[in-house]
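Undergrad: Pasting a structure below so you can have a look.
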Amino acid sequence: MEERRQGLSLRREVGLLGAVSLIAGTMIGSGIFMSPQTVLLTIGSPGASLLVWACCGLLAILASCCYAELGTVIRESGGEYVYILRTSGAPVAFMLIFSSVLFVRPAGVAGIALSFAQYVVSPFYPECAPPVLVVKCVAAAAILVLAAVNCLDVRFSMALQVFFLLAKVLALALIITGGVVMLVGGHTGTFQNSFEGTNVGINSVGIAFYQGLWSYDGWNNLNYVTEELKRPEVNLPRAVVIAISLVTGLYLLVNISYLTVMTPKELISSSAVAVTWGNKVLGSWGWIMSVAAALSAFGSLNGTFFSGGRVCFVAAREGHMPDILAMAHVHRLTPSPALIFTTVVSLVVLIPGDFQSIVNFFSFTAWFFYAITLSGLIYLKIKKPHLPRPYKVPIILPILVLIAAVFLVLAPVIDQPQIEYLYVTLFIFSGVLVYIPLIHFQLCPGLLSRVTVFLQLFLEVAPAEKNL
């Protein structure tokens, strides 16, 4: 059927290479340079930590395969939001978008920006910790630069993503090569009795997975931009399998290199494990790892920014956010209002930003909604088996990932209950209190109409249609 468009729509600019770069480039961020010591500390032994990293990669691959089927059945941008909207209904989808757009996504952007800034300014403060104000100013500058890039041109944003992916892979390849040389040289002490001292408690396993999965975050990024993907029925499943397999292999080899070069105690006590590795292996050239970590975080920030703006855009198009956020620039065809909104909220979150709190909040909330999304896939398989499915997975796959998601949500709460998880849950469900009066009953339908018209003229944007 020939595609007809009467209005604006986002261009299909993302090919297979861009898709792989978007997934892998977002996944390989600051996590692999910061999380290994936390995973090892929590799980207690080198062997178990490697097992956690492998299981995190396997879980990401299985979940992304399930998402690939959803993306070819529901060929719309928006990821979990649009899948939950089509399977579980508007109230549940609004709860997701309420918590995601107002905090979780911007907090993720702020957290990665803080990591980038920390690596950038650290060389200038060799004897002490960099001032918090300086770090946050550099983080804010990075957010603003990427906001401008993503508003101006999709192709340039994708080109940046490919460039930073290559830089990250080269940096990780350097770490892997150094580890192989040391391993061949007989540095195998860490791997003797490697499972001794493993912590097998529910909370320990859950928190270790939280930290590991933070490094894998971004595995679902391509589903947020389905309408901008060329041949999604082919490129979506191919891209997720290629990208996540690549990242999983790199993460395992990098962790083996860390454990070869450093003892478990040295690794746990390190505040930036890649920098410590660089100082031990590269000597005076150890600063290269600081540069590599900064580039890695910047590329991850670009990918997070690219997809996060699309979620806001799709939610506005469905009537769950102000209309202005569902518009695209009339010439550049980028969702600039949604990107600007995401930028503003990210800068607000950056002011009191705390990296560790971001990880815990994000992981708990993300896997809560992943579980709902996977339930929707199971529902579609059972109730609507005749829907066109260019790509499909066995039903056992979403069931297994759903069980894992439920475990990840409940594990930290059951073993060691903390009041913060109650606050998070209340925040998620508070979205219903906003949905009922403003969305369902539309109590203030004309409240933003004048502002919308002004911003539409000022930003040179117009409503964008779905690109199916």
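Here, A, B, ... name the chains of the structure tokens in the order displayed, residue numbers run from 1 inside each chain, and ligands are numbered from 1 in the same displayed order.
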Which residues are close to Leu400 of chain A, i.e. within 10 Å by only C-alpha atoms, leaving aside same-chain residues fewer than 4 positions away? Reply as a list in words.
TA: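 Those residues are Leu59, Leu62, Ala63, Leu374, Ile395, Ile396, Ala404 and Ala405 of chain A.
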Undergrad: May I ask for the distance between atom CA of Ile61 of chain A and atom CA of Ser257 of chain A, given in Å to one decimal place?
TA: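 Computed distance, atom CA of Ile61 of chain A to atom CA of Ser257 of chain A, equals 23.1 Å.
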Undergrad: Under the rule that only C-alpha atoms are counted, which of A:Leu301, A:Leu165, A:Val205, A:Leu172 is the nearest residue to Gly44 of chain A?
TA: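 When distances to Gly44 of chain A are compared using only C-alpha atoms, the smallest one comes from A:Val205.
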Undergrad: At a cut-off of 8 Å, using only C-alpha atoms, what residues contact Tyr391 of chain A? Leave out same-chain residues fewer than 3 positions from it and give the result as a list in words.
TA: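 Non-adjacent residues within range: Ala68, Glu69, Thr72, Glu233 and Pro237 of chain A.
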Undergrad: Please dump the current selection as a PDB file, in the first residue's frame; keep all heavy atoms.
TA:
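Generated file (out_29.pdb):
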```
ATOM      1  N   ALA A  68      11.190  -6.400  20.047  1.00  0.00           N
ATOM      2  CA  ALA A  68      11.254  -6.391  18.587  1.00  0.00           C
ATOM      3  C   ALA A  68       9.924  -6.861  17.998  1.00  0.00           C
ATOM      4  O   ALA A  68       9.437  -6.299  17.008  1.00  0.00           O
ATOM      5  CB  ALA A  68      12.402  -7.276  18.101  1.00  0.00           C
ATOM      6  N   GLU A  69       9.319  -7.890  18.612  1.00  0.00           N
ATOM      7  CA  GLU A  69       7.991  -8.329  18.147  1.00  0.00           C
ATOM      8  C   GLU A  69       6.954  -7.238  18.363  1.00  0.00           C
ATOM      9  O   GLU A  69       6.152  -6.941  17.468  1.00  0.00           O
ATOM     10  CB  GLU A  69       7.553  -9.611  18.855  1.00  0.00           C
ATOM     11  CG  GLU A  69       6.161 -10.049  18.411  1.00  0.00           C
ATOM     12  CD  GLU A  69       5.729 -11.406  18.953  1.00  0.00           C
ATOM     13  OE1 GLU A  69       6.604 -12.224  19.287  1.00  0.00           O
ATOM     14  OE2 GLU A  69       4.510 -11.626  19.033  1.00  0.00           O
ATOM     15  N   THR A  72       7.218  -4.552  15.729  1.00  0.00           N
ATOM     16  CA  THR A  72       6.759  -4.881  14.381  1.00  0.00           C
ATOM     17  C   THR A  72       5.249  -5.087  14.328  1.00  0.00           C
ATOM     18  O   THR A  72       4.660  -5.033  13.249  1.00  0.00           O
ATOM     19  CB  THR A  72       7.478  -6.141  13.852  1.00  0.00           C
ATOM     20  OG1 THR A  72       7.306  -7.221  14.780  1.00  0.00           O
ATOM     21  CG2 THR A  72       8.961  -5.877  13.669  1.00  0.00           C
ATOM     22  N   GLU A 233      10.527  -3.715  10.200  1.00  0.00           N
ATOM     23  CA  GLU A 233      10.252  -5.151  10.331  1.00  0.00           C
ATOM     24  C   GLU A 233      11.516  -5.984  10.149  1.00  0.00           C
ATOM     25  O   GLU A 233      11.606  -7.117  10.656  1.00  0.00           O
ATOM     26  CB  GLU A 233       9.169  -5.589   9.330  1.00  0.00           C
ATOM     27  CG  GLU A 233       9.574  -5.564   7.874  1.00  0.00           C
ATOM     28  CD  GLU A 233       9.550  -4.168   7.243  1.00  0.00           C
ATOM     29  OE1 GLU A 233       9.159  -3.211   7.930  1.00  0.00           O
ATOM     30  OE2 GLU A 233       9.924  -4.054   6.054  1.00  0.00           O
ATOM     31  N   PRO A 237      14.642  -6.142  14.643  1.00  0.00           N
ATOM     32  CA  PRO A 237      15.214  -7.336  15.287  1.00  0.00           C
ATOM     33  C   PRO A 237      16.705  -7.534  15.009  1.00  0.00           C
ATOM     34  O   PRO A 237      17.446  -7.969  15.887  1.00  0.00           O
ATOM     35  CB  PRO A 237      14.378  -8.500  14.698  1.00  0.00           C
ATOM     36  CG  PRO A 237      13.723  -7.950  13.487  1.00  0.00           C
ATOM     37  CD  PRO A 237      13.553  -6.486  13.720  1.00  0.00           C
TER      38      PRO A 237
END
```
Undergrad: Which of these, A:Gly71, A:Gly179, A:Gly78, A:Gly31, has the shortest distance to Ile112 of chain A once you count only C-alpha atoms?
TA: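 Answer, going by the shortest atom-to-atom distance: A:Gly31.
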Undergrad: Could you pull the residues within 8 Å of Ala110 of chain A, counting only C-alpha atoms, minus those fewer than 6 positions along the same chain, as a VMD selection string?
TA: chain A and resid 139 346 to 347 349 to 350 353
Undergrad: Using only C-alpha atoms, which residue out of A:Ala148, A:Met289, A:Leu51, A:Leu250 lies closest to Val120 of chain A?
TA: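 Answer, going by the shortest atom-to-atom distance: A:Met289.
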Undergrad: Of the candidates A:Leu252, A:Leu85, A:Leu170, A:Leu246, which one gets nearest to Gly376 of chain A if we count only C-alpha atoms?
TA: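 When distances to Gly376 of chain A are compared using only C-alpha atoms, the smallest one comes from A:Leu85.
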Undergrad: Interatomic distance between atom CA of Gly108 of chain A and atom CA of Ile351 of chain A?
TA: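 One can read the atom CA of Gly108 of chain A to atom CA of Ile351 of chain A distance as 13.4 Å.
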Undergrad: Per residue of segment 136-208 of chain A within 8 Å of segment 45-50 of chain A, which atom pair is closest and at what distance in Å (one decimal), using only C-alpha atoms, listed by chain and increasing number, as CSV?
TA:
```
residue,atom,partner,partner_atom,distance
A:Thr190,CA,A:Pro46,CA,7.3
A:Phe191,CA,A:Pro46,CA,7.2
A:Ser194,CA,A:Gly47,CA,4.7
A:Phe195,CA,A:Gly47,CA,4.9
A:Glu196,CA,A:Ser45,CA,6.1
A:Gly197,CA,A:Ser45,CA,5.7
A:Thr198,CA,A:Ser45,CA,5.0
A:Asn199,CA,A:Ser45,CA,7.8
```
Undergrad: For Ala239 of chain A, which residue out of A:Pro463, A:Gly286, A:Gly57, A:Gly15 is the nearest one, using only C-alpha atoms?
TA: A:Gly15
